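Structure below is entry-v2.cif: mmCIF, C-alpha atoms and all ligand atoms.
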```
data_protein
#
loop_
_atom_site.group_PDB
_atom_site.id
_atom_site.type_symbol
_atom_site.label_atom_id
_atom_site.label_comp_id
_atom_site.auth_asym_id
_atom_site.auth_seq_id
_atom_site.Cartn_x
_atom_site.Cartn_y
_atom_site.Cartn_z
ATOM 1 C CA MET A 1 0.000 0.000 0.000
ATOM 2 C CA SER A 2 1.247 3.470 -0.850
ATOM 3 C CA ILE A 3 2.247 5.604 2.123
ATOM 4 C CA TYR A 4 0.196 8.340 0.452
ATOM 5 C CA ARG A 5 -3.067 6.354 0.397
ATOM 6 C CA GLY A 6 -5.921 8.435 1.699
ATOM 7 C CA ARG A 7 -4.286 11.844 1.348
ATOM 8 C CA PHE A 8 -7.403 13.039 -0.489
ATOM 9 C CA SER A 9 -10.067 11.030 1.366
ATOM 10 C CA ALA A 10 -13.292 13.031 1.753
ATOM 11 C CA ARG A 11 -11.869 15.764 -0.442
ATOM 12 C CA THR A 12 -13.315 17.100 -3.671
ATOM 13 C CA ILE A 13 -10.859 18.217 -6.316
ATOM 14 C CA VAL A 14 -11.734 19.693 -9.710
ATOM 15 C CA VAL A 15 -9.356 18.704 -12.503
ATOM 16 C CA THR A 16 -9.525 20.227 -15.985
ATOM 17 C CA GLY A 17 -8.132 18.382 -18.968
ATOM 18 C CA ALA A 18 -8.926 15.165 -17.103
ATOM 19 C CA GLY A 19 -9.414 13.141 -20.275
ATOM 20 C CA SER A 20 -5.794 12.987 -21.391
ATOM 21 C CA GLY A 21 -2.155 13.368 -20.529
ATOM 22 C CA ILE A 22 -1.240 15.198 -17.346
ATOM 23 C CA GLY A 23 -4.851 15.911 -16.294
ATOM 24 C CA ARG A 24 -5.783 12.249 -16.644
ATOM 25 C CA ALA A 25 -2.752 11.220 -14.583
ATOM 26 C CA VAL A 26 -3.719 13.757 -11.901
ATOM 27 C CA ALA A 27 -7.285 12.405 -11.820
ATOM 28 C CA MET A 28 -6.015 8.822 -11.498
ATOM 29 C CA ARG A 29 -3.584 9.680 -8.725
ATOM 30 C CA LEU A 30 -6.254 11.567 -6.776
ATOM 31 C CA LEU A 31 -8.678 8.651 -7.167
ATOM 32 C CA GLU A 32 -6.008 6.221 -5.974
ATOM 33 C CA GLU A 33 -5.536 8.408 -2.912
ATOM 34 C CA GLY A 34 -9.257 8.401 -2.121
ATOM 35 C CA GLY A 35 -10.314 11.721 -3.636
ATOM 36 C CA ARG A 36 -13.643 12.701 -5.152
ATOM 37 C CA VAL A 37 -12.631 14.021 -8.576
ATOM 38 C CA VAL A 38 -14.777 16.286 -10.732
ATOM 39 C CA GLY A 39 -13.046 15.793 -14.065
ATOM 40 C CA VAL A 40 -13.642 18.349 -16.802
ATOM 41 C CA ASP A 41 -12.703 17.880 -20.443
ATOM 42 C CA ILE A 42 -13.942 19.299 -23.731
ATOM 43 C CA ASP A 43 -13.582 15.810 -25.206
ATOM 44 C CA ALA A 44 -16.513 13.746 -23.892
ATOM 45 C CA GLY A 45 -15.135 10.571 -25.499
ATOM 46 C CA ARG A 46 -11.949 10.758 -23.478
ATOM 47 C CA LEU A 47 -13.898 11.132 -20.233
ATOM 48 C CA SER A 48 -16.051 8.107 -21.193
ATOM 49 C CA SER A 49 -12.915 6.050 -21.870
ATOM 50 C CA LEU A 50 -11.563 6.940 -18.466
ATOM 51 C CA GLU A 51 -14.869 5.987 -16.817
ATOM 52 C CA GLN A 52 -14.915 2.671 -18.680
ATOM 53 C CA GLU A 53 -11.354 1.961 -17.676
ATOM 54 C CA LEU A 54 -12.164 2.669 -14.027
ATOM 55 C CA ARG A 55 -15.138 0.296 -14.197
ATOM 56 C CA ALA A 56 -13.102 -2.440 -15.898
ATOM 57 C CA VAL A 57 -10.186 -2.721 -13.465
ATOM 58 C CA ALA A 58 -10.324 -5.582 -10.984
ATOM 59 C CA THR A 59 -9.575 -3.338 -8.000
ATOM 60 C CA PRO A 60 -11.016 0.112 -8.699
ATOM 61 C CA PRO A 61 -9.387 3.044 -6.925
ATOM 62 C CA PRO A 62 -11.201 4.105 -3.744
ATOM 63 C CA GLY A 63 -12.131 7.601 -4.952
ATOM 64 C CA ASP A 64 -15.188 8.738 -6.948
ATOM 65 C CA PHE A 65 -14.990 10.108 -10.466
ATOM 66 C CA ILE A 66 -17.576 12.608 -11.704
ATOM 67 C CA PRO A 67 -17.116 13.537 -15.376
ATOM 68 C CA VAL A 68 -18.197 16.930 -16.693
ATOM 69 C CA ALA A 69 -17.879 17.206 -20.472
ATOM 70 C CA GLY A 70 -17.462 20.749 -21.743
ATOM 71 C CA SER A 71 -15.034 23.586 -22.197
ATOM 72 C CA ALA A 72 -13.492 24.543 -18.853
ATOM 73 C CA GLY A 73 -14.207 28.261 -19.186
ATOM 74 C CA ASP A 74 -17.733 27.922 -20.487
ATOM 75 C CA GLU A 75 -20.369 29.248 -18.070
ATOM 76 C CA THR A 76 -22.592 26.175 -18.543
ATOM 77 C CA THR A 77 -19.673 23.871 -17.737
ATOM 78 C CA ILE A 78 -18.746 25.973 -14.726
ATOM 79 C CA GLY A 79 -22.336 25.806 -13.478
ATOM 80 C CA ARG A 80 -22.278 22.013 -13.725
ATOM 81 C CA VAL A 81 -18.922 21.850 -11.953
ATOM 82 C CA ARG A 82 -20.235 24.011 -9.124
ATOM 83 C CA ALA A 83 -23.330 21.824 -8.805
ATOM 84 C CA GLU A 84 -21.160 18.691 -8.580
ATOM 85 C CA VAL A 85 -18.723 20.277 -6.141
ATOM 86 C CA GLY A 86 -21.516 21.143 -3.729
ATOM 87 C CA ALA A 87 -20.566 22.901 -0.515
ATOM 88 C CA HIS A 88 -16.944 23.433 -1.351
ATOM 89 C CA ALA A 89 -14.008 22.433 -3.494
ATOM 90 C CA ASP A 90 -10.918 21.421 -1.573
ATOM 91 C CA GLY A 91 -8.748 21.760 -4.630
ATOM 92 C CA LEU A 92 -8.589 22.845 -8.235
ATOM 93 C CA ALA A 93 -6.053 21.636 -10.769
ATOM 94 C CA ASN A 94 -6.177 23.823 -13.870
ATOM 95 C CA VAL A 95 -4.470 21.451 -16.279
ATOM 96 C CA ALA A 96 -6.304 21.906 -19.606
ATOM 97 C CA GLY A 97 -4.173 23.679 -22.167
ATOM 98 C CA ILE A 98 -3.312 23.755 -25.846
ATOM 99 C CA MET A 99 -0.234 24.548 -27.949
ATOM 100 C CA ASP A 100 0.203 27.182 -30.632
ATOM 101 C CA GLY A 101 1.923 25.555 -33.606
ATOM 102 C CA PHE A 102 5.091 27.383 -32.488
ATOM 103 C CA GLU A 103 3.863 30.522 -34.282
ATOM 104 C CA PRO A 104 6.318 33.436 -33.953
ATOM 105 C CA ALA A 105 4.974 37.010 -33.696
ATOM 106 C CA ALA A 106 4.988 37.844 -37.419
ATOM 107 C CA GLU A 107 3.090 34.653 -38.252
ATOM 108 C CA ILE A 108 0.487 34.550 -35.473
ATOM 109 C CA GLN A 109 -2.969 33.596 -36.736
ATOM 110 C CA ASN A 110 -5.747 35.467 -34.951
ATOM 111 C CA GLU A 111 -7.549 32.215 -34.245
ATOM 112 C CA THR A 112 -4.422 30.639 -32.728
ATOM 113 C CA TRP A 113 -3.881 33.645 -30.466
ATOM 114 C CA ASP A 114 -7.530 33.830 -29.410
ATOM 115 C CA HIS A 115 -7.887 30.085 -28.822
ATOM 116 C CA VAL A 116 -4.623 29.691 -26.889
ATOM 117 C CA LEU A 117 -5.315 32.702 -24.658
ATOM 118 C CA GLU A 118 -8.930 31.573 -24.182
ATOM 119 C CA VAL A 119 -8.072 28.020 -23.078
ATOM 120 C CA ASN A 120 -4.766 28.590 -21.288
ATOM 121 C CA VAL A 121 -5.598 31.847 -19.499
ATOM 122 C CA SER A 122 -9.219 33.045 -19.628
ATOM 123 C CA SER A 123 -10.804 29.651 -18.939
ATOM 124 C CA LEU A 124 -8.423 29.081 -16.043
ATOM 125 C CA MET A 125 -9.346 32.487 -14.636
ATOM 126 C CA ARG A 126 -13.119 31.948 -14.978
ATOM 127 C CA LEU A 127 -13.149 28.543 -13.294
ATOM 128 C CA THR A 128 -10.838 29.728 -10.515
ATOM 129 C CA ARG A 129 -13.016 32.815 -9.977
ATOM 130 C CA ALA A 130 -16.104 30.619 -9.772
ATOM 131 C CA LEU A 131 -14.663 28.247 -7.144
ATOM 132 C CA LEU A 132 -12.869 30.759 -4.922
ATOM 133 C CA PRO A 133 -15.966 31.998 -3.037
ATOM 134 C CA GLU A 134 -16.716 28.465 -1.791
ATOM 135 C CA MET A 135 -13.069 27.973 -0.822
ATOM 136 C CA LEU A 136 -13.140 31.283 1.063
ATOM 137 C CA ARG A 137 -16.347 30.337 2.875
ATOM 138 C CA HIS A 138 -14.819 26.986 3.786
ATOM 139 C CA GLY A 139 -11.588 28.665 4.876
ATOM 140 C CA GLY A 140 -9.148 26.827 2.669
ATOM 141 C CA GLY A 141 -8.208 25.205 -0.599
ATOM 142 C CA SER A 142 -5.354 24.491 -2.933
ATOM 143 C CA ILE A 143 -5.158 25.665 -6.533
ATOM 144 C CA VAL A 144 -2.521 24.289 -8.883
ATOM 145 C CA ASN A 145 -2.100 25.745 -12.349
ATOM 146 C CA VAL A 146 -0.157 24.079 -15.109
ATOM 147 C CA SER A 147 2.311 26.533 -16.559
ATOM 148 C CA SER A 148 5.233 25.402 -18.686
ATOM 149 C CA GLU A 149 8.960 25.543 -19.150
ATOM 150 C CA ALA A 150 7.871 27.944 -21.931
ATOM 151 C CA ALA A 151 7.295 30.521 -19.171
ATOM 152 C CA GLN A 152 10.872 30.195 -17.903
ATOM 153 C CA ARG A 153 12.384 31.351 -21.202
ATOM 154 C CA GLY A 154 11.507 32.547 -24.726
ATOM 155 C CA SER A 155 12.725 29.470 -26.566
ATOM 156 C CA ALA A 156 10.397 26.590 -25.766
ATOM 157 C CA ALA A 157 7.212 27.290 -27.771
ATOM 158 C CA GLY A 158 5.595 29.846 -30.061
ATOM 159 C CA THR A 159 4.688 33.361 -28.981
ATOM 160 C CA PRO A 160 0.987 32.822 -28.108
ATOM 161 C CA TYR A 161 1.741 29.823 -25.890
ATOM 162 C CA THR A 162 4.743 31.526 -24.252
ATOM 163 C CA THR A 163 2.618 34.615 -23.595
ATOM 164 C CA SER A 164 -0.203 32.511 -22.168
ATOM 165 C CA LYS A 165 2.035 30.609 -19.760
ATOM 166 C CA PHE A 166 3.755 33.772 -18.500
ATOM 167 C CA ALA A 167 0.188 34.990 -17.822
ATOM 168 C CA VAL A 168 -0.498 31.766 -15.898
ATOM 169 C CA ASN A 169 2.550 32.514 -13.728
ATOM 170 C CA GLY A 170 1.281 36.046 -13.056
ATOM 171 C CA PHE A 171 -2.213 34.811 -12.256
ATOM 172 C CA THR A 172 -0.704 32.238 -9.892
ATOM 173 C CA LEU A 173 1.436 34.734 -7.984
ATOM 174 C CA SER A 174 -1.309 37.331 -7.725
ATOM 175 C CA THR A 175 -3.857 34.749 -6.539
ATOM 176 C CA ALA A 176 -1.380 33.453 -3.955
ATOM 177 C CA PHE A 177 -0.780 37.010 -2.761
ATOM 178 C CA PHE A 178 -4.447 37.864 -2.322
ATOM 179 C CA TYR A 179 -5.703 34.611 -0.807
ATOM 180 C CA SER A 180 -2.866 32.888 1.084
ATOM 181 C CA PRO A 181 -3.857 34.771 4.262
ATOM 182 C CA HIS A 182 -7.309 33.183 3.862
ATOM 183 C CA GLY A 183 -5.919 29.632 3.760
ATOM 184 C CA ILE A 184 -5.975 29.285 -0.009
ATOM 185 C CA ARG A 185 -2.682 28.255 -1.553
ATOM 186 C CA CYS A 186 -2.008 28.833 -5.236
ATOM 187 C CA ASN A 187 0.969 27.359 -7.058
ATOM 188 C CA ALA A 188 1.995 26.330 -10.545
ATOM 189 C CA VAL A 189 4.083 23.579 -12.041
ATOM 190 C CA ALA A 190 6.226 24.276 -15.090
ATOM 191 C CA PRO A 191 6.688 21.000 -16.965
ATOM 192 C CA GLY A 192 9.276 20.358 -19.613
ATOM 193 C CA PRO A 193 8.371 17.895 -22.384
ATOM 194 C CA VAL A 194 5.833 15.280 -21.343
ATOM 195 C CA LEU A 195 4.543 12.290 -23.339
ATOM 196 C CA THR A 196 0.898 13.252 -23.895
ATOM 197 C CA ASN A 197 -1.527 13.927 -26.745
ATOM 198 C CA ILE A 198 -0.724 17.643 -26.950
ATOM 199 C CA ASP A 199 -0.387 18.833 -30.550
ATOM 200 C CA ALA A 200 3.249 19.916 -30.895
ATOM 201 C CA ARG A 201 3.404 20.320 -34.674
ATOM 202 C CA PHE A 202 5.160 23.330 -36.180
ATOM 203 C CA HIS A 203 3.112 25.805 -38.267
ATOM 204 C CA SER A 204 6.204 27.910 -38.956
ATOM 205 C CA GLU A 205 9.404 27.069 -40.819
ATOM 206 C CA HIS A 206 11.115 30.034 -39.162
ATOM 207 C CA ALA A 207 10.233 28.644 -35.738
ATOM 208 C CA ARG A 208 11.332 25.149 -36.717
ATOM 209 C CA ALA A 209 14.727 26.398 -37.924
ATOM 210 C CA ARG A 210 15.273 28.602 -34.861
ATOM 211 C CA LEU A 211 14.030 26.193 -32.177
ATOM 212 C CA SER A 212 15.031 22.745 -33.423
ATOM 213 C CA PRO A 213 18.775 23.011 -32.633
ATOM 214 C CA LEU A 214 17.978 24.263 -29.108
ATOM 215 C CA LEU A 215 15.328 21.634 -28.452
ATOM 216 C CA ALA A 216 17.709 18.932 -29.710
ATOM 217 C CA THR A 217 20.528 19.883 -27.328
ATOM 218 C CA ASN A 218 19.114 21.614 -24.223
ATOM 219 C CA VAL A 219 15.995 19.652 -23.449
ATOM 220 C CA PRO A 220 15.952 16.615 -21.133
ATOM 221 C CA PRO A 221 14.101 13.477 -22.283
ATOM 222 C CA PRO A 222 10.297 13.670 -22.078
ATOM 223 C CA ALA A 223 8.671 12.770 -18.779
ATOM 224 C CA GLN A 224 5.697 10.486 -18.179
ATOM 225 C CA PRO A 225 2.483 12.357 -17.243
ATOM 226 C CA GLU A 226 2.486 10.559 -13.873
ATOM 227 C CA GLU A 227 5.750 12.298 -12.941
ATOM 228 C CA VAL A 228 4.139 15.712 -13.371
ATOM 229 C CA ALA A 229 0.930 14.511 -11.710
ATOM 230 C CA ALA A 230 2.910 13.531 -8.609
ATOM 231 C CA ALA A 231 4.153 17.111 -8.220
ATOM 232 C CA ILE A 232 0.670 18.546 -8.826
ATOM 233 C CA CYS A 233 -0.854 16.197 -6.241
ATOM 234 C CA TRP A 234 1.837 17.132 -3.736
ATOM 235 C CA LEU A 235 0.930 20.813 -4.179
ATOM 236 C CA LEU A 236 -2.783 19.960 -3.878
ATOM 237 C CA SER A 237 -2.156 18.038 -0.661
ATOM 238 C CA ASP A 238 -1.526 19.109 2.925
ATOM 239 C CA ASP A 239 2.076 17.940 2.449
ATOM 240 C CA ALA A 240 2.595 21.319 0.782
ATOM 241 C CA SER A 241 0.742 23.231 3.522
ATOM 242 C CA ASN A 242 3.347 26.003 3.659
ATOM 243 C CA VAL A 243 3.865 26.350 -0.098
ATOM 244 C CA SER A 244 2.043 29.134 -1.929
ATOM 245 C CA GLY A 245 3.148 31.307 -4.826
ATOM 246 C CA ALA A 246 5.673 28.789 -6.126
ATOM 247 C CA ILE A 247 6.313 28.152 -9.809
ATOM 248 C CA LEU A 248 7.829 24.683 -9.609
ATOM 249 C CA PRO A 249 9.841 23.436 -12.594
ATOM 250 C CA VAL A 250 9.044 19.751 -13.209
ATOM 251 C CA ASP A 251 11.308 19.405 -16.179
ATOM 252 C CA GLY A 252 14.197 17.020 -15.532
ATOM 253 C CA GLY A 253 16.506 19.965 -14.900
ATOM 254 C CA TRP A 254 15.791 22.008 -18.061
ATOM 255 C CA ALA A 255 15.301 25.221 -16.047
ATOM 256 C CA ALA A 256 18.861 24.847 -14.786
ATOM 257 C CA VAL A 257 20.309 24.894 -18.321
HETATM 258 N N1 LIG B 1 2.930 17.800 -22.879
HETATM 259 C C1 LIG B 1 3.881 18.669 -22.652
HETATM 260 O O1 LIG B 1 5.018 18.498 -23.128
HETATM 261 C C2 LIG B 1 3.628 19.871 -21.781
HETATM 262 C C3 LIG B 1 4.714 20.639 -21.382
HETATM 263 C C4 LIG B 1 4.489 21.754 -20.586
HETATM 264 C C5 LIG B 1 3.207 22.086 -20.210
HETATM 265 N N2 LIG B 1 2.167 21.328 -20.634
HETATM 266 C C6 LIG B 1 0.829 21.731 -20.214
HETATM 267 O O2 LIG B 1 0.205 20.637 -19.599
HETATM 268 C C7 LIG B 1 -1.209 20.805 -19.675
HETATM 269 C C8 LIG B 1 -1.833 19.487 -20.092
HETATM 270 O O3 LIG B 1 -1.425 19.172 -21.388
HETATM 271 P P1 LIG B 1 -1.118 17.693 -21.881
HETATM 272 O O4 LIG B 1 0.257 17.688 -22.393
HETATM 273 O O5 LIG B 1 -1.543 16.715 -20.885
HETATM 274 O O6 LIG B 1 -2.058 17.657 -23.173
HETATM 275 P P2 LIG B 1 -3.206 16.676 -23.665
HETATM 276 O O7 LIG B 1 -3.607 17.220 -24.993
HETATM 277 O O8 LIG B 1 -2.786 15.257 -23.598
HETATM 278 O O9 LIG B 1 -4.379 16.895 -22.607
HETATM 279 C C9 LIG B 1 -5.063 18.108 -22.519
HETATM 280 C C10 LIG B 1 -6.546 17.830 -22.317
HETATM 281 O O10 LIG B 1 -7.194 19.094 -22.187
HETATM 282 C C11 LIG B 1 -8.415 19.019 -22.880
HETATM 283 N N3 LIG B 1 -8.864 20.365 -23.234
HETATM 284 C C12 LIG B 1 -8.424 21.154 -24.241
HETATM 285 N N4 LIG B 1 -9.105 22.297 -24.259
HETATM 286 C C13 LIG B 1 -10.003 22.233 -23.245
HETATM 287 C C14 LIG B 1 -10.984 23.093 -22.755
HETATM 288 N N5 LIG B 1 -11.216 24.291 -23.331
HETATM 289 N N6 LIG B 1 -11.714 22.714 -21.696
HETATM 290 C C15 LIG B 1 -11.518 21.503 -21.118
HETATM 291 N N7 LIG B 1 -10.605 20.637 -21.552
HETATM 292 C C16 LIG B 1 -9.852 21.002 -22.596
HETATM 293 C C17 LIG B 1 -8.120 18.151 -24.088
HETATM 294 O O11 LIG B 1 -9.314 17.608 -24.659
HETATM 295 C C18 LIG B 1 -7.192 17.112 -23.491
HETATM 296 O O12 LIG B 1 -7.926 15.971 -23.079
HETATM 297 C C19 LIG B 1 -1.439 21.967 -20.627
HETATM 298 O O13 LIG B 1 -1.739 23.127 -19.873
HETATM 299 C C20 LIG B 1 -0.120 22.128 -21.330
HETATM 300 O O14 LIG B 1 0.103 23.445 -21.763
HETATM 301 C C21 LIG B 1 2.339 20.226 -21.409
#
```
Before anything else, please render the file you have as structure tokens.
Amino acid sequence: MSIYRGRFSARTIVVTGAGSGIGRAVAMRLLEEGGRVVGVDIDAGRLSSLEQELRAVATPPPGDFIPVAGSAGDETTIGRVRAEVGAHADGLANVAGIMDGFEPAAEIQNETWDHVLEVNVSSLMRLTRALLPEMLRHGGGSIVNVSSEAAQRGSAAGTPYTTSKFAVNGFTLSTAFFYSPHGIRCNAVAPGPVLTNIDARFHSEHARARLSPLLATNVPPPAQPEEVAAAICWLLSDDASNVSGAILPVDGGWAAV
């Protein structure tokens, strides 16, 4: 038995992007540790697959999984999340995010910019804003945002994604500043490359030529989603009770290069 078993017993945690990659690994880890997980994903099929998988295993994890299909920042989705959360959310993991085709400034498509900023920043803000009042009433909570190594430097993604993840860092620090005195911790993890379904294709030959040599030499091997999930779950848990306002690189040492 894991020494961590039960860390999230009787706790409700909202996880966005729960259908794939890092968000799915976070949901699984929380379920294994007894949590009640409200899992949000825009891809209903991925949530159904996860539910089926949970039903099919011989020894299901002790936690409860409640799927909410929809876009994380959509008001209808947020209403359903709040209804499922009930009296309060103990935690929120804002994991959902999308890439930008590595578009550099001169080649940014309006739809790429708008979509990346909408999913990576505005949706995260709206869901956090919606859950904070309950956390404040309850007197505590832990929020973990997924930033990126792309917000530690200018050379890990395109300009929309880099901009969005620097905004995630700012949102994280400001939220930690305003609410830590009220028992609400807010932190971010900054992953390096992780083996997930994220679309990391280049839209730009300029970006490919500029970034490829750097990515080939400076970047540690990709991590498994579970390795990032472990750090997120630590920040969600009471084990990190004195940690707020941290931007934690989870990148195999890339930030040190
Ligand atoms: N994979 C990497 O190398 C890497 C590196 C650094 C940071 N990240 C960040 O990790 C987070 C998770 O990405 P991942 O790599 O697991 O990708 P992924 O594509 O495997 O999973 C992301 C999930 O988010 C969902 N999603 C997308 N838009 C959504 C929306 N509007 N509302 C709800 N769900 C939505 C997708 O359907 C998908 O299931 C993202 O914020 C990403 O920027 C990933």
Pick from A:Lys165, A:Arg153, A:Arg201, A:Arg82 nearest to Val189 in chain A, counting only C-alpha atoms: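 Selected residue with least distance to Val189 in chain A: A:Lys165.
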Sorted per-residue table, chain A near ligand LIG 1 (chain B), closest atoms and distance, 7 Å, only C-alpha atoms and all ligand atoms, as CSV:
```
residue,atom,partner,partner_atom,distance
A:Thr16,CA,B:LIG1,C15,5.7
A:Gly17,CA,B:LIG1,O10,3.4
A:Ala18,CA,B:LIG1,O12,6.1
A:Gly19,CA,B:LIG1,O12,4.3
A:Ser20,CA,B:LIG1,O12,4.0
A:Gly21,CA,B:LIG1,O5,3.4
A:Ile22,CA,B:LIG1,O5,3.9
A:Gly23,CA,B:LIG1,O5,5.7
A:Val40,CA,B:LIG1,C15,5.8
A:Asp41,CA,B:LIG1,N7,3.6
A:Ile42,CA,B:LIG1,C15,4.2
A:Asp43,CA,B:LIG1,O11,4.7
A:Arg46,CA,B:LIG1,O12,6.6
A:Gly70,CA,B:LIG1,C15,6.0
A:Ser71,CA,B:LIG1,N6,3.5
A:Ala72,CA,B:LIG1,N6,3.8
A:Gly73,CA,B:LIG1,N5,6.5
A:Val95,CA,B:LIG1,C7,4.8
A:Ala96,CA,B:LIG1,O10,3.9
A:Gly97,CA,B:LIG1,O13,3.4
A:Ile98,CA,B:LIG1,O14,5.3
A:Met99,CA,B:LIG1,O14,6.3
A:Val119,CA,B:LIG1,N5,4.9
A:Asn120,CA,B:LIG1,O13,6.4
A:Ser123,CA,B:LIG1,N5,6.9
A:Val146,CA,B:LIG1,O13,5.1
A:Ser147,CA,B:LIG1,C5,5.8
A:Ser148,CA,B:LIG1,C5,4.2
A:Glu149,CA,B:LIG1,C4,6.0
A:Ala190,CA,B:LIG1,C4,6.3
A:Pro191,CA,B:LIG1,C4,4.3
A:Gly192,CA,B:LIG1,C3,4.9
A:Pro193,CA,B:LIG1,O1,3.5
A:Val194,CA,B:LIG1,O1,3.8
A:Leu195,CA,B:LIG1,N1,5.8
A:Thr196,CA,B:LIG1,O8,4.2
A:Asn197,CA,B:LIG1,O8,3.6
A:Ile198,CA,B:LIG1,O7,3.5
A:Asp199,CA,B:LIG1,O7,6.6
A:Pro225,CA,B:LIG1,O5,7.0
```
Could you tell me how far CA of Gly141 in chain A lies from CA of Leu117 in chain A, in Å and to one decimal? 25.4 Å
Interatomic distance between CA of Trp113 in chain A and CA of Asp74 in chain A? 18.0 Å
Please write as a ChimeraX atom specification the full residue list that the PyMOL selection byres (((chain A and resi 33) around 9) and not hetatm) yields on this file. /A:2,4-9,28-32,34-35,61-63
Evaluating the PyMOL selection byres (((chain A and resi 247) around 12) and not hetatm) on the displayed file yields which residues, as a PyMOL selection string? chain A and resi 144-149+151-152+165-166+168-173+176+186-191+231-232+235+243-246+248-251+255
Name the residues that the PyMOL selection byres (((chain A and resi 104) around 9) and not hetatm) picks from the file above, as a compact mmCIF listing (two decimals) with C-alpha atoms, keeping the file's coordinate frame, using the file's chain letters and numbers.
```txt
# COMPACT_ATOMS: atom_id res chain seq x y z
CA PHE A 102 5.09 27.38 -32.49
CA GLU A 103 3.86 30.52 -34.28
CA ALA A 105 4.97 37.01 -33.70
CA ALA A 106 4.99 37.84 -37.42
CA GLU A 107 3.09 34.65 -38.25
CA ILE A 108 0.49 34.55 -35.47
CA ALA A 157 7.21 27.29 -27.77
CA GLY A 158 5.60 29.85 -30.06
CA THR A 159 4.69 33.36 -28.98
CA PRO A 160 0.99 32.82 -28.11
CA SER A 204 6.20 27.91 -38.96
CA HIS A 206 11.12 30.03 -39.16
CA ALA A 207 10.23 28.64 -35.74
```
What is the CA of Gly140 in chain A to CA of Arg11 in chain A distance in Å? 11.8 Å
Counting only C-alpha atoms, select every polymer residue within 8 Å of (-16.4, 14.9, -16.2) as defined in the file's coordinates, and provide the selection as number ranges by chain. A: 18, 38-41, 44, 47, 65-69
Can you tell me, as a PDB file with C-alpha atoms, keeping the file's coordinate frame, what residues are no more than 8 Å from His88 in chain A when counting only C-alpha atoms, ignoring any on the same chain fewer than 2 positions away?
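In the end it all went to part_14.pdb:
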```
ATOM      1  CA  THR A  12     -13.315  17.100  -3.671  1.00  0.00           C
ATOM      2  CA  VAL A  85     -18.723  20.277  -6.141  1.00  0.00           C
ATOM      3  CA  GLY A  86     -21.516  21.143  -3.729  1.00  0.00           C
ATOM      4  CA  ASP A  90     -10.918  21.421  -1.573  1.00  0.00           C
ATOM      5  CA  LEU A 131     -14.663  28.247  -7.144  1.00  0.00           C
ATOM      6  CA  GLU A 134     -16.716  28.465  -1.791  1.00  0.00           C
ATOM      7  CA  MET A 135     -13.069  27.973  -0.822  1.00  0.00           C
ATOM      8  CA  HIS A 138     -14.819  26.986   3.786  1.00  0.00           C
TER       9      HIS A 138
END
```
Selection: 10 Å around Val257 in chain A, all atoms listed in the file, excl. self and same-chain fewer than 4 positions, as a ChimeraX atom specification: /A:218-220,253
Output, as JSON, the centre and edge lengths in Å (one decimal) of the axis-aligned box that contains all listed atoms of range 210-229 of chain A with 6 Å of margin on each side.
```
{"center_x": 10.7, "center_y": 19.5, "center_z": -23.3, "size_x": 31.6, "size_y": 30.1, "size_z": 35.2}
```
